[in-house]
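Peer 1: Dropping the structure in here first, questions after.
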Amino acid sequence: MRLDRLASTLIVGFALALPAMTAAAGDVENGRNLVYTCMGCHGIENYKNAYPKYSVPKLGGQNAAYIVAALQEYAAGDRWHPTMRGFASSLSAEDRADLAAWFAAAAPPHAGEPLAGTLPEKAEACTACHGKNGKGTTPDYPNIGGQHADYLAQALNDYRLGKRKNPIMAPFAQQLTHDDINTIADYFSKQPGLREPKLE
């Protein structure tokens with residue numbers, strides 16, 4: 001299937017998955033009380049995962065519903081990362097919602113800022129869910145603008161290899177070459193968006 005046709009297939013697949021991803025609104029202040037463990041990795045600028053070595057993702061300004069879904073996937077083993085799986089498994093549904101609310105509120109939105117560079121052809125299918133600027137087109141899609149390029153590349157490779165299980169991302173990533181992945185990751189990393197959150 002060509003990438004341009006895949007985009008419409010992904011939208012239909014996401015519509016079917018949407019009810020499972022929808023999360024209740026969390027309590028930002030309680031999230032602040034819970035977030036200290038997270039900040040040991042996600043609050044340090046340019047901090048790297050030990051193995052394989054790649055940047056820990058920026059979560060400041062990430063969509064709350066997406067964070068809840070990601071934590072559920074780690075807990076279920078649908079995403080590979082031993083530390084995150086152990087941590088996510090220890091959280092209640094309320095804890096996940098509260099942490100997600102805090103991270104979502106931890107950076108201002110970047111509405112209306114101009115694009116950095118020209119959208120690569122290989123990234124056109126991504127825009128159905130992530131927009132040209134890397135801002136999720138619904139609250140359930142992750143914001144990827146401003147994310148570390150090596151983290152985005154790692155995530156796409158994990159989907160391609162089945163280390164992350166997702167009915168939308170896996171078939172898309174399996175069609176990409178390493179060069180495609182690096183091109184897409186580089187483009188979205190340069191867009192305004194996510195930041196390392198700060199406790200104030």
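Residue numbering restarts at 1 for every chain of the structure tokens, chains are lettered A, B, ... in their displayed order, and ligands are numbered from 1 as they appear.
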Tell me, which residues of range 20-194 of chain A carry DSSP helix (DSSP H, G or I), written as a VMD selection string?
Peer 2: chain A and resid 20 to 21 28 to 34 36 to 42 64 to 76 82 to 89 93 to 104 121 to 130 149 to 161 169 to 173 178 to 189
Peer 1: Set out as CSV a contact list for range 10-123 of chain A and range 156-163 of chain A with a cut-off of 8 Å, giving each residue of range 10-123 of chain A that qualifies its closest atom pair and distance in Å to one decimal, counting only C-alpha atoms, ordered by chain and rising residue number.
Peer 2:
```
residue,atom,partner,partner_atom,distance
A:Asp78,CA,A:Lys163,CA,7.4
A:Arg79,CA,A:Lys163,CA,6.1
A:Trp80,CA,A:Lys163,CA,5.7
```
Peer 1: Could I get the residues of range 82-166 of chain A with an atom no further than 9 Å from an atom of range 177-184 of chain A, each paired with its nearest atom pair and that distance in Å to one decimal, using only C-alpha atoms, sorted by chain and residue number, as a tab-separated table?
Peer 2:
```
residue	atom	partner	partner_atom	distance
A:Leu119	CA	A:Ile184	CA	8.7
A:Pro120	CA	A:Ile184	CA	7.1
A:Lys122	CA	A:Asp180	CA	6.4
A:Ala123	CA	A:Ile184	CA	5.5
A:Cys126	CA	A:Ile184	CA	8.7
A:Ala149	CA	A:Asn182	CA	7.7
A:Asp150	CA	A:Asn182	CA	8.1
A:Leu152	CA	A:Ile181	CA	8.3
A:Ala153	CA	A:Ile181	CA	5.8
A:Gln154	CA	A:Ile181	CA	8.9
A:Leu156	CA	A:Ile181	CA	6.7
A:Asn157	CA	A:Ile181	CA	7.7
```
Peer 1: What does the distance between CA of Lys48 in chain A and CA of Ala101 in chain A come to in Å, to one decimal place?
Peer 2: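 According to the coordinates, CA of Lys48 in chain A and CA of Ala101 in chain A are separated by 24.1 Å.
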Peer 1: Choose the residue, out of A:Lys165, A:His148, A:Arg32, A:Lys190, that has the smallest atom-to-atom separation from Ala105 in chain A; count only C-alpha atoms.
Peer 2: A:Arg32
Peer 1: Which residues are close to Gly43 in chain A, i.e. within 7 Å by only C-alpha atoms, leaving aside same-chain residues fewer than 5 positions away? Reply as a ChimeraX atom specification.
Peer 2: /A:196-198
Peer 1: Just N, CA, C and O atoms for this one: save the residues we selected as a short mmCIF file (atom, residue, chain, number, x, y, z; two decimals), in the first residue's frame.
Peer 2:
```
data_model
loop_
_atom_site.label_atom_id
_atom_site.label_comp_id
_atom_site.auth_asym_id
_atom_site.auth_seq_id
_atom_site.Cartn_x
_atom_site.Cartn_y
_atom_site.Cartn_z
N GLU A 196 11.05 19.97 27.71
CA GLU A 196 11.24 19.32 29.00
C GLU A 196 10.47 20.12 30.04
O GLU A 196 10.63 21.34 30.13
N PRO A 197 9.62 19.46 30.83
CA PRO A 197 8.84 20.19 31.83
C PRO A 197 9.71 20.63 33.00
O PRO A 197 10.75 20.03 33.27
N LYS A 198 9.28 21.66 33.69
CA LYS A 198 9.99 22.17 34.86
C LYS A 198 9.04 22.23 36.05
O LYS A 198 7.90 22.65 35.91
#
```
Peer 1: Neighbours of Tyr66 in chain A within 8 Å (only C-alpha atoms; same-chain residues fewer than 6 positions away dropped), as a ChimeraX atom specification?
Peer 2: /A:21,139-142
Peer 1: Using N, CA, C and O atoms, can you write the selected residues to a file as a PDB file, in the first residue's frame?
Peer 2:
```
ATOM      1  N   MET A  21      -9.090   4.928  23.780  1.00  0.00           N
ATOM      2  CA  MET A  21      -8.033   5.855  24.146  1.00  0.00           C
ATOM      3  C   MET A  21      -8.545   7.050  24.943  1.00  0.00           C
ATOM      4  O   MET A  21      -7.773   7.772  25.542  1.00  0.00           O
ATOM      5  N   PRO A 139      -7.008  15.438  20.347  1.00  0.00           N
ATOM      6  CA  PRO A 139      -6.308  15.302  21.634  1.00  0.00           C
ATOM      7  C   PRO A 139      -5.748  13.910  21.880  1.00  0.00           C
ATOM      8  O   PRO A 139      -4.874  13.742  22.738  1.00  0.00           O
ATOM      9  N   ASP A 140      -6.222  12.915  21.141  1.00  0.00           N
ATOM     10  CA  ASP A 140      -5.735  11.549  21.335  1.00  0.00           C
ATOM     11  C   ASP A 140      -4.451  11.255  20.564  1.00  0.00           C
ATOM     12  O   ASP A 140      -3.758  10.287  20.863  1.00  0.00           O
ATOM     13  N   TYR A 141      -4.158  12.060  19.571  1.00  0.00           N
ATOM     14  CA  TYR A 141      -2.915  11.877  18.825  1.00  0.00           C
ATOM     15  C   TYR A 141      -1.785  12.604  19.543  1.00  0.00           C
ATOM     16  O   TYR A 141      -1.978  13.724  20.031  1.00  0.00           O
ATOM     17  N   PRO A 142      -0.592  12.031  19.564  1.00  0.00           N
ATOM     18  CA  PRO A 142       0.516  12.722  20.239  1.00  0.00           C
ATOM     19  C   PRO A 142       1.007  13.934  19.466  1.00  0.00           C
ATOM     20  O   PRO A 142       1.021  13.943  18.232  1.00  0.00           O
TER      21      PRO A 142
END
```
Peer 1: Rank A:Phe103, A:Asp27, A:Arg195, A:Phe188 by their smallest atom-to-atom distance to Ile67 in chain A, using only C-alpha atoms, and report the top residue only.
Peer 2: A:Phe103
Peer 1: Could you check how far CA of Gly77 in chain A sits from CA of Ser90 in chain A, in Å to one decimal?
Peer 2: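 Pair CA of Gly77 in chain A / CA of Ser90 in chain A returns 13.3 Å.
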Peer 1: Just want the 10 Å neighbourhood of Asp95 in chain A, counted on only C-alpha atoms, with same-chain residues fewer than 5 positions away dropped. Output as a list in words.
Peer 2: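 So the residues in contact are Gly26, Asp27, Asn30, Gly31, Leu34, Val35, Val68, Ala88, Ser90, Ala100 and Ala101 of chain A.
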